[in-house]
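Asks: Next comes model.pdb, PDB, C-alpha atoms and all ligand atoms:
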ATOM      1  CA  MET A   1      47.940  79.945 212.185
ATOM      2  CA  PRO A   2      45.839  82.891 211.076
ATOM      3  CA  ASN A   3      43.587  82.465 208.111
ATOM      4  CA  ILE A   4      44.303  84.887 205.269
ATOM      5  CA  ARG A   5      41.794  85.426 202.504
ATOM      6  CA  PHE A   6      42.427  86.939 199.091
ATOM      7  CA  ARG A   7      41.166  86.558 195.520
ATOM      8  CA  LEU A   8      43.519  84.505 193.380
ATOM      9  CA  ASN A   9      42.861  84.804 189.657
ATOM     10  CA  GLY A  10      39.316  85.814 190.550
ATOM     11  CA  VAL A  11      38.665  82.941 192.975
ATOM     12  CA  GLU A  12      38.217  83.509 196.722
ATOM     13  CA  THR A  13      41.119  81.730 198.411
ATOM     14  CA  ASP A  14      41.785  80.994 202.108
ATOM     15  CA  ILE A  15      45.229  80.108 203.334
ATOM     16  CA  ASP A  16      46.238  78.983 206.816
ATOM     17  CA  ALA A  17      49.894  79.906 207.024
ATOM     18  CA  ASP A  18      52.463  82.056 208.774
ATOM     19  CA  PRO A  19      51.543  85.572 207.596
ATOM     20  CA  GLU A  20      55.221  86.315 206.967
ATOM     21  CA  THR A  21      55.474  83.505 204.386
ATOM     22  CA  SER A  22      56.195  84.908 200.942
ATOM     23  CA  VAL A  23      53.367  85.024 198.449
ATOM     24  CA  LEU A  24      55.637  83.139 196.018
ATOM     25  CA  ALA A  25      56.065  80.235 198.450
ATOM     26  CA  ILE A  26      52.295  80.026 198.891
ATOM     27  CA  LEU A  27      51.615  80.197 195.148
ATOM     28  CA  ARG A  28      54.252  77.698 194.034
ATOM     29  CA  GLY A  29      54.271  75.466 197.110
ATOM     30  CA  THR A  30      50.876  75.376 198.779
ATOM     31  CA  LEU A  31      48.782  76.134 195.700
ATOM     32  CA  GLY A  32      50.902  74.505 192.974
ATOM     33  CA  LEU A  33      50.854  77.508 190.641
ATOM     34  CA  THR A  34      54.257  77.351 188.990
ATOM     35  CA  GLY A  35      53.819  80.238 186.536
ATOM     36  CA  PRO A  36      55.531  82.775 188.814
ATOM     37  CA  HIS A  37      59.200  81.740 188.811
ATOM     38  CA  PHE A  38      61.823  81.758 191.546
ATOM     39  CA  GLY A  39      64.914  83.591 190.348
ATOM     40  CA  CYS A  40      66.900  85.635 192.850
ATOM     41  CA  GLY A  41      64.529  85.326 195.808
ATOM     42  CA  ALA A  42      65.476  88.856 196.805
ATOM     43  CA  GLY A  43      63.234  91.210 194.874
ATOM     44  CA  GLU A  44      65.864  91.910 192.234
ATOM     45  CA  CYS A  45      64.969  90.001 189.053
ATOM     46  CA  GLY A  46      61.180  90.157 188.580
ATOM     47  CA  ALA A  47      60.833  86.492 187.553
ATOM     48  CA  CYS A  48      58.256  86.057 190.333
ATOM     49  CA  ASN A  49      56.129  89.089 189.462
ATOM     50  CA  VAL A  50      52.386  88.909 190.019
ATOM     51  CA  LEU A  51      49.706  91.573 190.045
ATOM     52  CA  VAL A  52      48.412  92.700 193.419
ATOM     53  CA  ASP A  53      45.333  94.658 192.497
ATOM     54  CA  ASP A  54      46.710  96.465 189.422
ATOM     55  CA  HIS A  55      50.362  96.692 190.464
ATOM     56  CA  ALA A  56      53.195  94.333 189.521
ATOM     57  CA  VAL A  57      55.001  93.166 192.664
ATOM     58  CA  THR A  58      57.787  90.705 193.364
ATOM     59  CA  ALA A  59      56.025  87.780 195.041
ATOM     60  CA  CYS A  60      59.265  86.420 196.530
ATOM     61  CA  ASP A  61      59.570  89.256 199.026
ATOM     62  CA  THR A  62      55.886  90.091 199.461
ATOM     63  CA  PRO A  63      54.504  88.675 202.729
ATOM     64  CA  LEU A  64      51.211  86.841 202.688
ATOM     65  CA  TRP A  65      49.623  89.223 205.198
ATOM     66  CA  SER A  66      50.025  92.133 202.780
ATOM     67  CA  VAL A  67      47.683  90.627 200.159
ATOM     68  CA  ALA A  68      44.772  90.031 202.558
ATOM     69  CA  ASN A  69      41.489  91.010 200.863
ATOM     70  CA  LYS A  70      43.306  91.968 197.654
ATOM     71  CA  ASP A  71      43.230  90.624 194.108
ATOM     72  CA  VAL A  72      46.285  88.556 193.198
ATOM     73  CA  THR A  73      46.738  87.674 189.528
ATOM     74  CA  THR A  74      49.371  85.271 188.246
ATOM     75  CA  ILE A  75      50.293  84.424 184.683
ATOM     76  CA  GLU A  76      47.765  81.580 184.924
ATOM     77  CA  GLY A  77      45.057  84.202 185.442
ATOM     78  CA  LEU A  78      46.254  86.447 182.612
ATOM     79  CA  GLY A  79      45.501  83.957 179.859
ATOM     80  CA  ASN A  80      45.998  80.381 178.791
ATOM     81  CA  ALA A  81      46.556  78.309 175.674
ATOM     82  CA  GLN A  82      42.834  78.262 174.888
ATOM     83  CA  LYS A  83      42.305  81.963 175.586
ATOM     84  CA  PRO A  84      45.634  83.788 175.453
ATOM     85  CA  HIS A  85      45.969  87.411 176.536
ATOM     86  CA  PRO A  86      46.953  89.800 173.701
ATOM     87  CA  LEU A  87      50.367  90.138 175.368
ATOM     88  CA  GLN A  88      50.887  86.381 175.194
ATOM     89  CA  ARG A  89      49.864  86.318 171.516
ATOM     90  CA  ALA A  90      52.161  89.250 170.757
ATOM     91  CA  PHE A  91      55.155  87.645 172.491
ATOM     92  CA  ILE A  92      54.691  84.577 170.311
ATOM     93  CA  ALA A  93      54.176  86.619 167.144
ATOM     94  CA  GLU A  94      57.329  88.674 167.781
ATOM     95  CA  GLN A  95      59.293  85.628 169.024
ATOM     96  CA  ALA A  96      60.058  87.728 172.071
ATOM     97  CA  LEU A  97      61.539  85.030 174.246
ATOM     98  CA  GLN A  98      64.384  82.580 174.242
ATOM     99  CA  CYS A  99      64.596  80.381 177.351
ATOM    100  CA  GLY A 100      61.390  81.947 178.664
ATOM    101  CA  TYR A 101      62.376  81.893 182.334
ATOM    102  CA  CYS A 102      61.846  85.626 182.816
ATOM    103  CA  VAL A 103      58.749  85.912 180.662
ATOM    104  CA  SER A 104      55.919  85.257 183.087
ATOM    105  CA  GLY A 105      57.249  88.058 185.283
ATOM    106  CA  ILE A 106      57.765  90.333 182.315
ATOM    107  CA  LEU A 107      54.227  89.708 181.072
ATOM    108  CA  MET A 108      52.852  90.715 184.469
ATOM    109  CA  SER A 109      54.890  93.938 184.460
ATOM    110  CA  ALA A 110      53.633  94.634 180.933
ATOM    111  CA  ALA A 111      50.033  93.878 181.931
ATOM    112  CA  ALA A 112      50.286  96.345 184.828
ATOM    113  CA  LEU A 113      51.733  98.958 182.471
ATOM    114  CA  LEU A 114      48.922  98.557 179.936
ATOM    115  CA  LYS A 115      46.302  98.859 182.676
ATOM    116  CA  ARG A 116      47.622 102.286 183.675
ATOM    117  CA  ASN A 117      48.830 103.386 180.232
ATOM    118  CA  PRO A 118      47.129 101.809 177.199
ATOM    119  CA  ASP A 119      49.366 103.649 174.711
ATOM    120  CA  PRO A 120      52.900 103.554 176.110
ATOM    121  CA  SER A 121      55.966 104.816 174.276
ATOM    122  CA  LYS A 122      59.050 102.626 173.838
ATOM    123  CA  ALA A 123      60.722 104.602 176.624
ATOM    124  CA  GLU A 124      57.772 104.032 178.949
ATOM    125  CA  ILE A 125      57.854 100.289 178.205
ATOM    126  CA  ARG A 126      61.582 100.147 178.898
ATOM    127  CA  ALA A 127      61.037 102.004 182.176
ATOM    128  CA  ALA A 128      58.238  99.589 183.172
ATOM    129  CA  LEU A 129      60.557  96.612 182.526
ATOM    130  CA  ASP A 130      63.499  98.218 184.275
ATOM    131  CA  ARG A 131      63.307  95.843 187.245
ATOM    132  CA  ASN A 132      62.830  92.675 185.148
ATOM    133  CA  LEU A 133      66.049  90.909 184.221
ATOM    134  CA  CYS A 134      66.357  88.822 181.052
ATOM    135  CA  ARG A 135      69.610  86.929 180.760
ATOM    136  CA  CYS A 136      68.856  86.016 177.152
ATOM    137  CA  GLY A 137      68.815  89.644 176.010
ATOM    138  CA  SER A 138      65.350  89.525 174.451
ATOM    139  CA  HIS A 139      64.428  93.042 175.556
ATOM    140  CA  ASN A 140      64.099  94.687 172.137
ATOM    141  CA  ARG A 141      61.715  92.034 170.860
ATOM    142  CA  MET A 142      59.735  92.284 174.098
ATOM    143  CA  VAL A 143      59.311  96.024 173.619
ATOM    144  CA  ARG A 144      58.020  95.373 170.081
ATOM    145  CA  ALA A 145      55.639  92.726 171.397
ATOM    146  CA  ILE A 146      54.231  95.045 174.060
ATOM    147  CA  LEU A 147      53.687  97.802 171.475
ATOM    148  CA  ARG A 148      51.882  95.254 169.298
ATOM    149  CA  ALA A 149      49.664  94.044 172.156
ATOM    150  CA  ALA A 150      48.868  97.612 173.208
ATOM    151  CA  ALA A 151      47.765  98.462 169.662
ATOM    152  CA  GLU A 152      45.582  95.360 169.506
ATOM    153  CA  MET A 153      44.003  96.112 172.869
ATOM    154  CA  ARG A 154      43.198  99.688 171.810
ATOM    155  CA  ASN A 155      41.589  98.434 168.570
ATOM    156  CA  PRO A 156      40.302  94.935 169.303
TER     157      PRO A 156
HETATM  158  S1  LIG B 201      62.633  85.810 192.394
HETATM  159 FE1  LIG B 201      61.484  87.508 193.068
HETATM  160  S2  LIG B 201      62.518  89.228 192.276
HETATM  161 FE2  LIG B 201      63.781  87.547 191.734
HETATM  162  S1  LIG B 202      64.096  84.773 177.674
HETATM  163 FE1  LIG B 202      65.647  83.768 178.846
HETATM  164  S2  LIG B 202      65.876  84.975 180.666
HETATM  165 FE2  LIG B 202      64.520  86.080 179.388
END
Before anything else, please render the file you have as structure tokens.

Replies:
Amino acid sequence: MPNIRFRLNGVETDIDADPETSVLAILRGTLGLTGPHFGCGAGECGACNVLVDDHAVTACDTPLWSVANKDVTTIEGLGNAQKPHPLQRAFIAEQALQCGYCVSGILMSAAALLKRNPDPSKAEIRAALDRNLCRCGSHNRMVRAILRAAAEMRNP
């Protein structure tokens, strides 16, 4: 098997695997990172979103070979209970989740948005979340939370 190297949450990582294996299978299976969720498995729901460099991608249909030498960031790399990302704090403050299944993917889409646009409008946030499904219907609270996090990040 070829050896594929990438940076995972800032740590150099080597994986010996079929290069066509999905990034999600490597993250959840081989590496035990269960933050990115399996939803549809077909690139349709965004529950598995991770950042590849600064772009949110669906890990379930992204082949391992395509992340060689790139930065991959999962929700575990965004923040944690001890040091939460402003988006994570804002989602809690706005109670922007119900079951939470979609949220790690939504946070990664929001993080990618705020990297390229630190002051997004509501319409721009909705457009950025367009490919993330939330069965619980928490979208309006999520938009409020992302506005709140963006404001905090502009004026820390
Ligand atoms: S599980 Fe990847 S897009 Fe749905
Ligand atoms: S909070 Fe339940 S699917 Fe989004």

Asks: For the atom pair atom CA of Ala149 of chain A and atom FE1 of ligand LIG 201 (chain B), what is the interatomic distance in Å to one decimal place?

Replies: 24.9 Å

Asks: Of the residues A:Thr30, A:Thr74, A:Ser109, A:Ser104, which is the one nearest to ligand LIG 202 (chain B), using all atoms listed in the file?

Replies: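 Of A:Thr30, A:Thr74, A:Ser109, A:Ser104, the one nearest ligand LIG 202 (chain B) is A:Ser104, counting all atoms listed in the file.
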
Asks: Given the file above and the PyMOL selection byres (((chain A and resi 88-95) around 8) and not hetatm), which residues are selected, and can you give them as an MDAnalysis selection string?

Replies: chainID A and resid 79 84:87 96:98 107 141:142 144:146 148:149

Asks: What does the structure give for the distance between atom CA of Ile75 of chain A and atom CA of Gly39 of chain A, in Å to one decimal?

Replies: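 Answer for the atom CA of Ile75 of chain A to atom CA of Gly39 of chain A separation: 15.7 Å.
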
Asks: Evaluate the PyMOL selection byres (((not hetatm)) within 9 of (chain B and resi 202)) on the structure here and hand back the selected residues as a list in words.

Replies: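 Written out, the selection comes to Ala47, Ala96, Leu97, Gln98, Cys99, Gly100, Tyr101, Cys102, Val103, Ile106, Asn132, Leu133, Cys134, Arg135, Cys136, Gly137, Ser138 and His139 of chain A.
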
Asks: Write out the residues from the selection above, keeping C-alpha atoms, as an mmCIF file, keeping the file's coordinate frame.

Replies:
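The resulting file, part.cif, is reproduced below:
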data_model
loop_
_atom_site.group_PDB
_atom_site.id
_atom_site.type_symbol
_atom_site.label_atom_id
_atom_site.label_comp_id
_atom_site.auth_asym_id
_atom_site.auth_seq_id
_atom_site.Cartn_x
_atom_site.Cartn_y
_atom_site.Cartn_z
ATOM 1 C CA ALA A 47 60.833 86.492 187.553
ATOM 2 C CA ALA A 96 60.058 87.728 172.071
ATOM 3 C CA LEU A 97 61.539 85.030 174.246
ATOM 4 C CA GLN A 98 64.384 82.580 174.242
ATOM 5 C CA CYS A 99 64.596 80.381 177.351
ATOM 6 C CA GLY A 100 61.390 81.947 178.664
ATOM 7 C CA TYR A 101 62.376 81.893 182.334
ATOM 8 C CA CYS A 102 61.846 85.626 182.816
ATOM 9 C CA VAL A 103 58.749 85.912 180.662
ATOM 10 C CA ILE A 106 57.765 90.333 182.315
ATOM 11 C CA ASN A 132 62.830 92.675 185.148
ATOM 12 C CA LEU A 133 66.049 90.909 184.221
ATOM 13 C CA CYS A 134 66.357 88.822 181.052
ATOM 14 C CA ARG A 135 69.610 86.929 180.760
ATOM 15 C CA CYS A 136 68.856 86.016 177.152
ATOM 16 C CA GLY A 137 68.815 89.644 176.010
ATOM 17 C CA SER A 138 65.350 89.525 174.451
ATOM 18 C CA HIS A 139 64.428 93.042 175.556
#

Asks: Taking the file as shown, find all residues satisfying the PyMOL selection byres (((not hetatm)) within 9 of (chain B and resi 201)) and write them as a list in words.

Replies: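 Output of the PyMOL selection byres (((not hetatm)) within 9 of (chain B and resi 201)): Leu24, Pro36, His37, Phe38, Gly39, Cys40, Gly41, Ala42, Gly43, Glu44, Cys45, Gly46, Ala47, Cys48, Asn49, Val57, Thr58, Ala59, Cys60, Asp61, Thr62, Gly105, Arg131, Asn132 and Leu133 of chain A.
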
Asks: Record the distance separating atom CA of Leu64 of chain A and atom CA of Asp16 of chain A, expressed in Å with one decimal.

Replies: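 For atom CA of Leu64 of chain A relative to atom CA of Asp16 of chain A, the distance reads 10.2 Å.
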
Asks: Go through A:Trp65, A:Ser121, A:Glu76, A:Phe6 and flag the residue nearest Gly32 of chain A, using all atoms listed in the file for the distances.

Replies: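 For Gly32 of chain A, the nearest of the given residues is A:Glu76.
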
Asks: Find the residues around Pro63 of chain A up to 9 Å (all atoms listed in the file counted), leave out those fewer than 4 positions away in its own chain, and share them as an mmCIF file with C-alpha atoms, in the frame of the given file.

Replies:
data_model
loop_
_atom_site.group_PDB
_atom_site.id
_atom_site.type_symbol
_atom_site.label_atom_id
_atom_site.label_comp_id
_atom_site.auth_asym_id
_atom_site.auth_seq_id
_atom_site.Cartn_x
_atom_site.Cartn_y
_atom_site.Cartn_z
ATOM 1 C CA PRO A 19 51.543 85.572 207.596
ATOM 2 C CA GLU A 20 55.221 86.315 206.967
ATOM 3 C CA THR A 21 55.474 83.505 204.386
ATOM 4 C CA SER A 22 56.195 84.908 200.942
ATOM 5 C CA VAL A 23 53.367 85.024 198.449
ATOM 6 C CA LEU A 24 55.637 83.139 196.018
ATOM 7 C CA ALA A 59 56.025 87.780 195.041
ATOM 8 C CA VAL A 67 47.683 90.627 200.159
#

Asks: Have a look at A:Leu78, A:Val143, A:Ala127, A:Met1 and name the one nearest to Gly35 of chain A; count all atoms listed in the file.

Replies: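 Looking at the shortest contact to Gly35 of chain A, the residue is A:Leu78.
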
Asks: Kindly reconstruct segment 134-153 of chain A with N, CA, C and O atoms and present the result as a compact mmCIF listing (two decimals), in the coordinates of the input.

Replies:
# COMPACT_ATOMS: atom_id res chain seq x y z
N CYS A 134 66.42 89.89 182.05
CA CYS A 134 66.36 88.82 181.05
C CYS A 134 67.78 88.49 180.65
O CYS A 134 68.46 89.29 180.00
N ARG A 135 68.22 87.32 181.04
CA ARG A 135 69.61 86.93 180.76
C ARG A 135 69.82 86.63 179.28
O ARG A 135 70.94 86.59 178.81
N CYS A 136 68.73 86.35 178.56
CA CYS A 136 68.86 86.02 177.15
C CYS A 136 68.93 87.25 176.26
O CYS A 136 69.14 87.11 175.05
N GLY A 137 68.70 88.43 176.81
CA GLY A 137 68.82 89.64 176.01
C GLY A 137 67.69 89.82 175.00
O GLY A 137 67.92 90.31 173.90
N SER A 138 66.48 89.43 175.38
CA SER A 138 65.35 89.52 174.45
C SER A 138 64.60 90.85 174.55
O SER A 138 63.49 90.97 174.04
N HIS A 139 65.19 91.84 175.21
CA HIS A 139 64.43 93.04 175.56
C HIS A 139 63.85 93.77 174.35
O HIS A 139 62.70 94.22 174.39
N ASN A 140 64.61 93.90 173.27
CA ASN A 140 64.10 94.69 172.14
C ASN A 140 62.86 94.04 171.52
O ASN A 140 61.89 94.72 171.19
N ARG A 141 62.89 92.73 171.39
CA ARG A 141 61.72 92.03 170.86
C ARG A 141 60.54 92.15 171.83
O ARG A 141 59.38 92.24 171.41
N MET A 142 60.82 92.14 173.11
CA MET A 142 59.74 92.28 174.10
C MET A 142 59.08 93.66 173.98
O MET A 142 57.85 93.76 174.06
N VAL A 143 59.88 94.68 173.78
CA VAL A 143 59.31 96.02 173.62
C VAL A 143 58.40 96.03 172.39
O VAL A 143 57.28 96.55 172.44
N ARG A 144 58.86 95.44 171.30
CA ARG A 144 58.02 95.37 170.08
C ARG A 144 56.73 94.62 170.36
O ARG A 144 55.64 95.00 169.91
N ALA A 145 56.83 93.53 171.10
CA ALA A 145 55.64 92.73 171.40
C ALA A 145 54.64 93.52 172.25
O ALA A 145 53.42 93.43 172.03
N ILE A 146 55.14 94.28 173.18
CA ILE A 146 54.23 95.04 174.06
C ILE A 146 53.56 96.16 173.26
O ILE A 146 52.36 96.42 173.43
N LEU A 147 54.31 96.80 172.35
CA LEU A 147 53.69 97.80 171.48
C LEU A 147 52.59 97.16 170.64
O LEU A 147 51.51 97.72 170.45
N ARG A 148 52.87 95.97 170.13
CA ARG A 148 51.88 95.25 169.30
C ARG A 148 50.63 94.91 170.10
O ARG A 148 49.49 95.11 169.64
N ALA A 149 50.82 94.40 171.32
CA ALA A 149 49.66 94.04 172.16
C ALA A 149 48.87 95.28 172.52
O ALA A 149 47.63 95.27 172.51
N ALA A 150 49.57 96.37 172.83
CA ALA A 150 48.87 97.61 173.21
C ALA A 150 48.00 98.08 172.05
O ALA A 150 46.83 98.48 172.25
N ALA A 151 48.54 98.03 170.82
CA ALA A 151 47.76 98.46 169.66
C ALA A 151 46.54 97.58 169.48
O ALA A 151 45.44 98.06 169.21
N GLU A 152 46.73 96.28 169.66
CA GLU A 152 45.58 95.36 169.51
C GLU A 152 44.53 95.62 170.57
O GLU A 152 43.32 95.60 170.30
N MET A 153 44.97 95.90 171.78
CA MET A 153 44.00 96.11 172.87
C MET A 153 43.25 97.44 172.71
O MET A 153 42.12 97.56 173.15
